[in-house]
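Structure data follow from entry23.cif (mmCIF, C-alpha atoms and all ligand atoms):
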```
data_query
loop_
_atom_site.label_atom_id
_atom_site.label_comp_id
_atom_site.auth_asym_id
_atom_site.auth_seq_id
_atom_site.Cartn_x
_atom_site.Cartn_y
_atom_site.Cartn_z
CA MET A 1 94.05 107.09 121.32
CA SER A 2 91.18 106.72 118.85
CA ALA A 3 87.66 105.84 119.93
CA PRO A 4 86.84 102.12 119.65
CA ASP A 5 84.03 102.83 117.20
CA GLN A 6 86.29 104.72 114.79
CA THR A 7 86.51 102.93 111.46
CA ILE A 8 89.98 101.62 110.64
CA LEU A 9 89.17 99.52 107.61
CA SER A 10 86.25 100.05 105.29
CA VAL A 11 85.51 97.43 102.65
CA SER A 12 82.64 97.76 100.23
CA LYS A 13 81.75 95.33 97.42
CA LEU A 14 85.15 93.68 97.29
CA SER A 15 85.42 91.14 94.46
CA VAL A 16 88.33 88.98 93.35
CA ARG A 17 88.66 86.90 90.21
CA PHE A 18 91.61 84.64 89.41
CA ALA A 19 92.55 84.73 85.72
CA GLN A 20 92.22 80.97 85.23
CA SER A 21 88.79 80.74 86.87
CA GLN A 22 85.28 81.39 85.51
CA VAL A 23 83.81 82.20 88.94
CA LEU A 24 84.54 85.00 91.34
CA ALA A 25 86.60 83.75 94.31
CA VAL A 26 85.21 86.70 96.31
CA ARG A 27 81.98 88.49 95.44
CA ASP A 28 80.67 91.78 96.87
CA VAL A 29 82.12 91.41 100.36
CA SER A 30 81.50 94.46 102.54
CA PHE A 31 82.36 95.25 106.16
CA GLU A 32 83.69 97.98 108.41
CA LEU A 33 86.27 97.33 111.10
CA GLY A 34 86.96 99.48 114.14
CA ALA A 35 89.11 98.62 117.15
CA GLU A 36 87.32 95.31 117.53
CA ARG A 37 87.54 91.61 116.70
CA LEU A 38 85.77 90.53 113.54
CA GLY A 39 85.66 86.88 112.49
CA ILE A 40 85.40 85.59 108.93
CA VAL A 41 84.32 81.96 108.77
CA GLY A 42 83.47 79.48 106.04
CA GLU A 43 84.42 76.10 104.70
CA SER A 44 87.57 75.52 102.66
CA GLY A 45 87.46 77.45 99.37
CA SER A 46 84.78 79.90 100.52
CA GLY A 47 87.11 82.86 99.92
CA LYS A 48 88.15 83.84 103.46
CA SER A 49 91.89 83.94 102.85
CA THR A 50 91.43 85.71 99.53
CA VAL A 51 89.62 88.55 101.34
CA GLY A 52 92.53 88.93 103.80
CA ARG A 53 95.16 88.76 101.07
CA ALA A 54 93.30 91.21 98.84
CA ILE A 55 93.29 93.76 101.68
CA MET A 56 97.04 93.23 102.25
CA ARG A 57 97.66 93.17 98.46
CA LEU A 58 99.35 89.80 98.74
CA LEU A 59 97.54 88.00 95.93
CA PRO A 60 99.36 86.81 92.80
CA ASN A 61 99.19 88.95 89.65
CA SER A 62 96.61 86.55 88.23
CA ALA A 63 94.07 87.96 90.71
CA LYS A 64 91.93 90.89 89.64
CA VAL A 65 90.74 92.83 92.67
CA GLU A 66 87.87 95.31 92.46
CA ALA A 67 86.03 97.22 95.16
CA GLU A 68 83.65 100.10 95.48
CA ARG A 69 85.71 101.06 98.51
CA LEU A 70 88.80 99.60 100.16
CA ASP A 71 89.91 102.26 102.62
CA PHE A 72 92.46 102.06 105.41
CA GLU A 73 92.33 104.90 107.95
CA GLY A 74 90.14 106.85 105.54
CA ALA A 75 92.46 106.61 102.52
CA PRO A 76 91.96 104.30 99.52
CA LEU A 77 94.32 101.31 99.33
CA LEU A 78 93.61 100.32 95.75
CA GLY A 79 95.37 103.30 94.17
CA LEU A 80 98.58 102.89 96.23
CA ASN A 81 101.75 101.73 94.50
CA GLU A 82 103.62 98.63 95.68
CA ALA A 83 106.32 100.63 97.50
CA HIS A 84 103.65 102.35 99.57
CA MET A 85 101.89 99.06 100.30
CA ARG A 86 105.18 97.55 101.42
CA LYS A 87 105.54 100.36 103.95
CA LEU A 88 102.05 99.74 105.30
CA ARG A 89 102.55 95.98 105.61
CA GLY A 90 104.14 95.07 108.90
CA HIS A 91 104.04 98.67 110.00
CA LYS A 92 100.35 99.59 109.93
CA MET A 93 98.81 96.33 108.72
CA ALA A 94 99.94 92.84 109.66
CA LEU A 95 99.10 89.36 108.42
CA ILE A 96 99.63 86.36 110.67
CA MET A 97 99.41 83.07 108.84
CA GLN A 98 98.68 79.51 109.76
CA ASP A 99 102.02 77.82 110.08
CA PRO A 100 104.98 79.67 111.60
CA ARG A 101 107.32 77.06 110.11
CA TYR A 102 106.64 78.48 106.66
CA SER A 103 106.42 82.14 107.67
CA LEU A 104 109.66 82.38 109.64
CA ASN A 105 112.96 82.54 107.78
CA PRO A 106 114.67 79.16 108.40
CA VAL A 107 118.22 80.49 108.07
CA LEU A 108 117.92 83.38 110.54
CA SER A 109 117.98 82.95 114.30
CA VAL A 110 114.82 84.01 116.14
CA GLY A 111 116.61 87.03 117.65
CA LYS A 112 117.97 88.18 114.32
CA GLN A 113 114.66 88.03 112.51
CA VAL A 114 112.68 89.82 115.20
CA ALA A 115 115.48 92.44 115.39
CA GLU A 116 115.40 92.83 111.57
CA ALA A 117 111.66 93.55 111.83
CA ALA A 118 112.39 96.16 114.52
CA LYS A 119 115.02 97.79 112.28
CA LEU A 120 112.70 97.84 109.31
CA HIS A 121 109.45 98.91 110.94
CA LEU A 122 110.69 101.00 113.86
CA GLY A 123 113.75 102.46 112.15
CA LEU A 124 116.04 101.35 115.00
CA GLY A 125 119.80 100.80 114.95
CA LYS A 126 121.25 97.34 115.59
CA ARG A 127 121.61 97.54 119.38
CA GLU A 128 118.19 99.16 119.94
CA ALA A 129 116.57 96.70 117.54
CA TYR A 130 117.91 93.74 119.57
CA ALA A 131 116.69 95.36 122.79
CA ALA A 132 113.22 95.97 121.23
CA ALA A 133 113.15 92.37 119.96
CA ALA A 134 114.02 91.01 123.40
CA ALA A 135 111.35 93.16 125.05
CA MET A 136 108.72 92.05 122.53
CA LEU A 137 109.63 88.37 122.93
CA GLU A 138 109.29 88.83 126.67
CA ARG A 139 105.89 90.45 126.04
CA VAL A 140 104.67 87.39 124.11
CA ARG A 141 105.73 85.29 127.10
CA ILE A 142 108.71 83.52 125.59
CA ALA A 143 110.59 81.89 128.45
CA ASP A 144 114.36 82.35 128.55
CA VAL A 145 114.41 85.05 125.89
CA GLU A 146 118.19 85.27 125.59
CA ARG A 147 118.53 81.59 124.81
CA THR A 148 115.52 81.52 122.48
CA MET A 149 116.92 84.42 120.47
CA ARG A 150 119.90 82.24 119.52
CA LEU A 151 117.71 79.36 118.28
CA TYR A 152 116.59 78.75 114.68
CA PRO A 153 112.92 78.25 113.71
CA HIS A 154 113.28 74.45 113.40
CA GLN A 155 114.52 74.31 117.00
CA ILE A 156 111.36 75.79 118.54
CA SER A 157 107.84 74.39 118.97
CA GLY A 158 104.90 75.45 116.78
CA GLY A 159 103.31 77.38 119.63
CA MET A 160 106.54 79.21 120.33
CA GLY A 161 107.01 79.87 116.60
CA GLN A 162 103.57 81.46 116.40
CA ARG A 163 104.40 83.68 119.38
CA VAL A 164 107.60 84.74 117.61
CA MET A 165 105.52 85.57 114.50
CA ILE A 166 103.10 87.57 116.64
CA ALA A 167 106.03 89.40 118.26
CA MET A 168 107.42 90.28 114.82
CA MET A 169 104.11 91.30 113.33
CA LEU A 170 102.93 93.36 116.28
CA LEU A 171 106.20 95.13 117.10
CA ALA A 172 105.13 98.27 115.27
CA LYS A 173 101.64 98.19 116.83
CA PRO A 174 99.80 97.87 113.48
CA ARG A 175 96.26 99.29 113.33
CA VAL A 176 94.92 96.19 111.62
CA VAL A 177 95.93 92.59 112.23
CA ILE A 178 94.64 89.90 109.90
CA ALA A 179 95.12 86.48 111.45
CA ASP A 180 94.47 83.68 108.96
CA GLU A 181 93.93 80.38 110.79
CA PRO A 182 96.59 81.45 113.33
CA THR A 183 96.09 78.42 115.56
CA SER A 184 95.15 75.64 113.11
CA ALA A 185 98.68 74.24 112.89
CA LEU A 186 99.17 74.30 116.66
CA ASP A 187 98.59 71.75 119.37
CA VAL A 188 95.13 72.07 120.86
CA SER A 189 96.78 72.71 124.25
CA VAL A 190 98.38 75.99 123.14
CA ARG A 191 95.67 77.36 120.83
CA GLY A 192 93.82 79.21 123.60
CA ASP A 193 97.05 80.82 124.86
CA VAL A 194 97.95 82.12 121.40
CA LEU A 195 94.48 83.60 120.88
CA LYS A 196 94.55 85.17 124.34
CA LEU A 197 97.89 86.74 123.55
CA LEU A 198 96.66 88.15 120.24
CA ASP A 199 93.62 89.54 122.00
CA GLU A 200 95.74 91.21 124.70
CA LEU A 201 98.02 92.85 122.15
CA VAL A 202 95.34 94.14 119.79
CA THR A 203 93.37 95.51 122.76
CA GLU A 204 96.50 97.16 124.18
CA ASN A 205 97.27 98.74 120.79
CA ASN A 206 93.63 99.72 120.16
CA SER A 207 93.85 97.87 116.83
CA GLY A 208 91.30 96.00 114.77
CA LEU A 209 91.59 92.24 114.33
CA VAL A 210 90.20 90.11 111.52
CA LEU A 211 90.29 86.47 112.55
CA ILE A 212 89.88 84.07 109.64
CA SER A 213 89.00 80.47 110.45
CA HIS A 214 86.89 77.50 109.45
CA ASP A 215 86.10 76.94 113.14
CA ILE A 216 82.90 78.89 113.74
CA ARG A 217 82.74 77.99 117.43
CA MET A 218 86.24 79.23 118.12
CA VAL A 219 85.56 82.44 116.20
CA ALA A 220 82.27 83.00 118.04
CA ALA A 221 84.00 82.59 121.39
CA PHE A 222 86.65 85.13 120.44
CA CYS A 223 85.06 87.75 118.17
CA GLN A 224 82.38 90.37 118.63
CA ARG A 225 81.06 89.95 115.08
CA ILE A 226 81.18 87.12 112.54
CA LEU A 227 80.84 87.19 108.75
CA VAL A 228 79.90 83.83 107.30
CA MET A 229 81.24 83.20 103.78
CA TYR A 230 79.93 80.69 101.27
CA LYS A 231 81.17 80.40 97.68
CA GLY A 232 82.85 83.81 97.81
CA HIS A 233 80.09 85.90 99.34
CA VAL A 234 78.80 86.75 102.80
CA VAL A 235 75.60 84.86 103.56
CA GLU A 236 75.18 86.13 107.10
CA SER A 237 76.59 88.55 109.64
CA LEU A 238 76.17 87.58 113.29
CA THR A 239 77.01 88.67 116.80
CA ARG A 240 75.89 85.38 118.39
CA LEU A 241 75.72 81.84 117.00
CA GLU A 242 72.22 81.50 118.47
CA ASP A 243 70.99 84.02 115.87
CA ALA A 244 72.18 81.96 112.87
CA SER A 245 69.37 81.55 110.36
CA HIS A 246 71.08 80.52 107.09
CA PRO A 247 71.23 76.71 106.64
CA TYR A 248 74.91 76.97 105.71
CA THR A 249 75.76 78.73 109.00
CA ARG A 250 73.70 76.21 110.92
CA GLY A 251 75.49 73.44 109.06
CA LEU A 252 78.89 74.89 109.96
CA ILE A 253 77.87 75.04 113.61
CA ALA A 254 76.59 71.46 113.57
CA ALA A 255 79.74 70.26 111.82
CA MET A 256 82.04 71.64 114.53
CA PRO A 257 82.37 69.69 117.76
CA ASP A 258 80.98 71.50 120.78
CA PRO A 259 83.26 70.64 123.72
CA ARG A 260 80.34 71.19 126.11
CA HIS A 261 78.12 68.64 124.36
CA PRO A 262 80.21 65.88 122.77
CA VAL A 263 78.39 63.80 120.16
CA ARG A 264 79.50 60.64 118.45
CA ARG A 265 78.85 61.75 114.87
CA LEU A 266 79.06 65.26 113.51
CA GLN A 267 76.62 66.43 110.84
CA VAL A 268 77.63 67.10 107.26
CA LEU A 269 76.46 70.18 105.34
CA ASP A 270 73.01 69.89 103.77
CA ARG A 271 73.89 71.23 100.29
CA LYS A 272 70.29 71.05 99.02
CA ALA A 273 68.97 73.27 101.82
CA ILE A 274 71.88 75.68 101.34
CA ASP A 275 71.33 75.95 97.60
CA ALA A 276 67.59 76.46 98.13
CA ALA A 277 68.33 79.33 100.56
CA GLU A 278 70.81 80.79 98.09
CA ALA A 279 68.28 80.65 95.24
CA ARG A 280 65.76 82.72 97.20
CA PRO A 281 65.70 86.39 96.10
N1 LIG B 1 96.38 81.75 93.85
C1 LIG B 1 95.22 81.28 93.40
N2 LIG B 1 95.02 80.99 92.10
C2 LIG B 1 93.84 80.53 91.66
N3 LIG B 1 92.78 80.32 92.43
C3 LIG B 1 92.89 80.59 93.74
C4 LIG B 1 94.13 81.07 94.30
N4 LIG B 1 93.93 81.25 95.64
C5 LIG B 1 92.66 80.88 95.90
N5 LIG B 1 92.03 80.50 94.77
C6 LIG B 1 90.64 80.04 94.65
O1 LIG B 1 89.81 81.01 95.24
C7 LIG B 1 88.75 80.41 95.99
C8 LIG B 1 88.80 80.87 97.43
O2 LIG B 1 89.98 80.35 98.05
P1 LIG B 1 90.46 80.78 99.50
O3 LIG B 1 91.81 80.20 99.74
O4 LIG B 1 90.29 82.24 99.67
O5 LIG B 1 89.38 80.04 100.41
P2 LIG B 1 89.41 79.79 101.96
O6 LIG B 1 88.00 79.93 102.41
O7 LIG B 1 90.41 80.66 102.61
O8 LIG B 1 89.83 78.26 102.04
P3 LIG B 1 91.00 77.55 102.89
O9 LIG B 1 90.50 77.58 104.30
O10 LIG B 1 91.07 76.18 102.31
O11 LIG B 1 92.23 78.38 102.68
C9 LIG B 1 88.96 78.89 95.83
O12 LIG B 1 88.12 78.45 94.80
C10 LIG B 1 90.40 78.77 95.44
O13 LIG B 1 90.63 77.64 94.63
#
```

Just give me the structure of the file as structure tokens.
Amino acid sequence: MSAPDQTILSVSKLSVRFAQSQVLAVRDVSFELGAERLGIVGESGSGKSTVGRAIMRLLPNSAKVEAERLDFEGAPLLGLNEAHMRKLRGHKMALIMQDPRYSLNPVLSVGKQVAEAAKLHLGLGKREAYAAAAAMLERVRIADVERTMRLYPHQISGGMGQRVMIAMMLLAKPRVVIADEPTSALDVSVRGDVLKLLDELVTENNSGLVLISHDIRMVAAFCQRILVMYKGHVVESLTRLEDASHPYTRGLIAAMPDPRHPVRRLQVLDRKAIDAAEARP
């Protein structure tokens, strides 16, 4: 087992430009990730998902990705060919996306698709793959596993679908899990359970987790560190919301409802103050 402070992912000056755009979608983003939970927050379009997809190499060909360093377990990712990246994805690095309805294969039963993942990433035969799938579905607290394995994605709830995704993605105990708005499409009532489950599994596997979300309060409650992104770059890195000093971060906090102190009207971002802070050298 590696020490928690051992670096798993090292990102330095990551930039992404889409061919059709004049501006960089991601500009000079740097961070190190060990066996810990790191949050990336920002409003829509700030570049959060593009960072996650650039690391996983899941951006369209129109995206030009550059970095001073983009290392996974000490080895550079940028030079790897697609076949090598495919091996890493799902096996050593996993991406969990927002809506399980679009990520799960609609024509395969739950059991079959989790078993296919076990075959692919664990190299198991059919019978062992089904047994591994059943055990993993049990681990993500799916009730009545045998019955659920026979169901198709449209027959299960969003919360259950996201647990199935987590089961599939975490079967091979990947070292890095990137979760991009993993609870945004779910009922408020099951969001906490899904996050708790993710937390349990990444801790058990001694993996690193990057949690991407627009919800700064949720991220702060769940992660040890937060990177705040605005227009493609990181404006602030925080361990506690109380330390936020950039007007954009403060604006994000004020724009998110605090369940402990309900208010009637939420604030909107003060773009003038943000731009003034951005203009400062
Ligand atoms: N495939 C693409 N082609 C062209 N531009 C893109 C593509 N994907 C993202 N962008 C642009 O890159 C910028 C960053 O988008 P990104 O999706 O990373 O932001 P985000 O912070 O994750 O927002 P959201 O929460 O809405 O997904 C935006 O300006 C977006 O329009």

Per-axis box centre and lengths in Å around ligand LIG 1 (chain B), 6 Å margin per side, axis-aligned, as lines of an AutoDock Vina configuration file:
```
center_x = 92.2
center_y = 79.2
center_z = 98.0
size_x = 20.4
size_y = 18.1
size_z = 24.6
```

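As for CA of Phe18 (chain A) and atom C7 of ligand LIG 1 (chain B), they are spaced 8.3 Å apart.
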
Using only C-alpha atoms, the shortest atom-to-atom distance to His214 (chain A) among A:Ser245, A:Ser49, A:Ser237, A:Ser10 belongs to A:Ser49

Discussion item. At a cut-off of 7 Å around ligand LIG 1 (chain B), and using only C-alpha atoms and all ligand atoms, what residues come up? Please write them as a ChimeraX atom specification.
Written reply: /A:18,20-21,25-26,42-51,59-60,62,213-214,232

Could you turn the residues from that selection into a file that holds C-alpha atoms, as a PDB file, keeping the file's coordinate frame?
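The result, written out as again25.pdb:
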```pdb
ATOM      1  CA  PHE A  18      91.610  84.640  89.410  1.00  0.00           C
ATOM      2  CA  GLN A  20      92.220  80.970  85.230  1.00  0.00           C
ATOM      3  CA  SER A  21      88.790  80.740  86.870  1.00  0.00           C
ATOM      4  CA  ALA A  25      86.600  83.750  94.310  1.00  0.00           C
ATOM      5  CA  VAL A  26      85.210  86.700  96.310  1.00  0.00           C
ATOM      6  CA  GLY A  42      83.470  79.480 106.040  1.00  0.00           C
ATOM      7  CA  GLU A  43      84.420  76.100 104.700  1.00  0.00           C
ATOM      8  CA  SER A  44      87.570  75.520 102.660  1.00  0.00           C
ATOM      9  CA  GLY A  45      87.460  77.450  99.370  1.00  0.00           C
ATOM     10  CA  SER A  46      84.780  79.900 100.520  1.00  0.00           C
ATOM     11  CA  GLY A  47      87.110  82.860  99.920  1.00  0.00           C
ATOM     12  CA  LYS A  48      88.150  83.840 103.460  1.00  0.00           C
ATOM     13  CA  SER A  49      91.890  83.940 102.850  1.00  0.00           C
ATOM     14  CA  THR A  50      91.430  85.710  99.530  1.00  0.00           C
ATOM     15  CA  VAL A  51      89.620  88.550 101.340  1.00  0.00           C
ATOM     16  CA  LEU A  59      97.540  88.000  95.930  1.00  0.00           C
ATOM     17  CA  PRO A  60      99.360  86.810  92.800  1.00  0.00           C
ATOM     18  CA  SER A  62      96.610  86.550  88.230  1.00  0.00           C
ATOM     19  CA  SER A 213      89.000  80.470 110.450  1.00  0.00           C
ATOM     20  CA  HIS A 214      86.890  77.500 109.450  1.00  0.00           C
ATOM     21  CA  GLY A 232      82.850  83.810  97.810  1.00  0.00           C
TER      22      GLY A 232
END
```

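Put simply, CA of Arg17 (chain A) is 8.7 Å away from CA of Glu66 (chain A).
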
At most 8 Å is the cut-off: for each residue in region 142-230 of chain A with any atom that close to an atom of region 246-255 of chain A, write down the nearest atom pair and the distance in Å rounded to one decimal, counting all atoms listed in the file, chain first then increasing number, as JSON lines.
```
{"residue": "A:Ile216", "atom": "CA", "partner": "A:Ile253", "partner_atom": "CA", "distance": 6.3}
{"residue": "A:Arg217", "atom": "CA", "partner": "A:Ile253", "partner_atom": "CA", "distance": 6.9}
{"residue": "A:Val228", "atom": "CA", "partner": "A:Thr249", "partner_atom": "CA", "distance": 6.8}
{"residue": "A:Tyr230", "atom": "CA", "partner": "A:Tyr248", "partner_atom": "CA", "distance": 7.7}
```

Expressed in Å, the length from CA of Ala167 (chain A) to CA of Ala220 (chain A) is 24.6 Å

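Distance check against Leu33 (chain A) using only C-alpha atoms: of A:Leu9, A:Ala279, A:Leu88, A:Val190, the minimum falls on A:Leu9.
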
Kindly reconstruct region 200-216 of chain A with N, CA and C atoms and present the result as a PDB file, in the frame of the given file.
```pdb
ATOM      1  N   GLU A 200      95.098  90.241 123.793  1.00  0.00           N
ATOM      2  CA  GLU A 200      95.740  91.210 124.700  1.00  0.00           C
ATOM      3  C   GLU A 200      96.441  92.305 123.905  1.00  0.00           C
ATOM      4  N   LEU A 201      97.205  91.881 122.894  1.00  0.00           N
ATOM      5  CA  LEU A 201      98.020  92.850 122.150  1.00  0.00           C
ATOM      6  C   LEU A 201      97.164  93.785 121.300  1.00  0.00           C
ATOM      7  N   VAL A 202      96.153  93.237 120.619  1.00  0.00           N
ATOM      8  CA  VAL A 202      95.340  94.140 119.790  1.00  0.00           C
ATOM      9  C   VAL A 202      94.532  95.101 120.681  1.00  0.00           C
ATOM     10  N   THR A 203      94.112  94.631 121.839  1.00  0.00           N
ATOM     11  CA  THR A 203      93.370  95.510 122.760  1.00  0.00           C
ATOM     12  C   THR A 203      94.307  96.607 123.279  1.00  0.00           C
ATOM     13  N   GLU A 204      95.506  96.202 123.677  1.00  0.00           N
ATOM     14  CA  GLU A 204      96.500  97.160 124.180  1.00  0.00           C
ATOM     15  C   GLU A 204      96.816  98.237 123.128  1.00  0.00           C
ATOM     16  N   ASN A 205      96.910  97.811 121.866  1.00  0.00           N
ATOM     17  CA  ASN A 205      97.270  98.740 120.790  1.00  0.00           C
ATOM     18  C   ASN A 205      96.066  99.477 120.206  1.00  0.00           C
ATOM     19  N   ASN A 206      94.857  99.131 120.704  1.00  0.00           N
ATOM     20  CA  ASN A 206      93.630  99.720 120.160  1.00  0.00           C
ATOM     21  C   ASN A 206      93.512  99.456 118.649  1.00  0.00           C
ATOM     22  N   SER A 207      93.867  98.244 118.242  1.00  0.00           N
ATOM     23  CA  SER A 207      93.850  97.870 116.830  1.00  0.00           C
ATOM     24  C   SER A 207      92.582  97.074 116.501  1.00  0.00           C
ATOM     25  N   GLY A 208      92.387  96.866 115.211  1.00  0.00           N
ATOM     26  CA  GLY A 208      91.300  96.000 114.770  1.00  0.00           C
ATOM     27  C   GLY A 208      91.880  94.645 114.394  1.00  0.00           C
ATOM     28  N   LEU A 209      91.112  93.590 114.666  1.00  0.00           N
ATOM     29  CA  LEU A 209      91.590  92.240 114.330  1.00  0.00           C
ATOM     30  C   LEU A 209      90.570  91.546 113.444  1.00  0.00           C
ATOM     31  N   VAL A 210      91.054  90.972 112.349  1.00  0.00           N
ATOM     32  CA  VAL A 210      90.200  90.110 111.520  1.00  0.00           C
ATOM     33  C   VAL A 210      90.718  88.697 111.728  1.00  0.00           C
ATOM     34  N   LEU A 211      89.886  87.856 112.303  1.00  0.00           N
ATOM     35  CA  LEU A 211      90.290  86.470 112.550  1.00  0.00           C
ATOM     36  C   LEU A 211      89.599  85.575 111.526  1.00  0.00           C
ATOM     37  N   ILE A 212      90.409  84.927 110.697  1.00  0.00           N
ATOM     38  CA  ILE A 212      89.880  84.070 109.640  1.00  0.00           C
ATOM     39  C   ILE A 212      90.015  82.616 110.070  1.00  0.00           C
ATOM     40  N   SER A 213      88.917  81.874 110.021  1.00  0.00           N
ATOM     41  CA  SER A 213      89.000  80.470 110.450  1.00  0.00           C
ATOM     42  C   SER A 213      87.814  79.666 109.920  1.00  0.00           C
ATOM     43  N   HIS A 214      88.009  78.366 109.808  1.00  0.00           N
ATOM     44  CA  HIS A 214      86.890  77.500 109.450  1.00  0.00           C
ATOM     45  C   HIS A 214      86.105  77.122 110.709  1.00  0.00           C
ATOM     46  N   ASP A 215      86.676  77.409 111.878  1.00  0.00           N
ATOM     47  CA  ASP A 215      86.100  76.940 113.140  1.00  0.00           C
ATOM     48  C   ASP A 215      85.159  78.000 113.719  1.00  0.00           C
ATOM     49  N   ILE A 216      83.875  77.861 113.384  1.00  0.00           N
ATOM     50  CA  ILE A 216      82.900  78.890 113.740  1.00  0.00           C
ATOM     51  C   ILE A 216      82.729  79.010 115.260  1.00  0.00           C
TER      52      ILE A 216
END
```
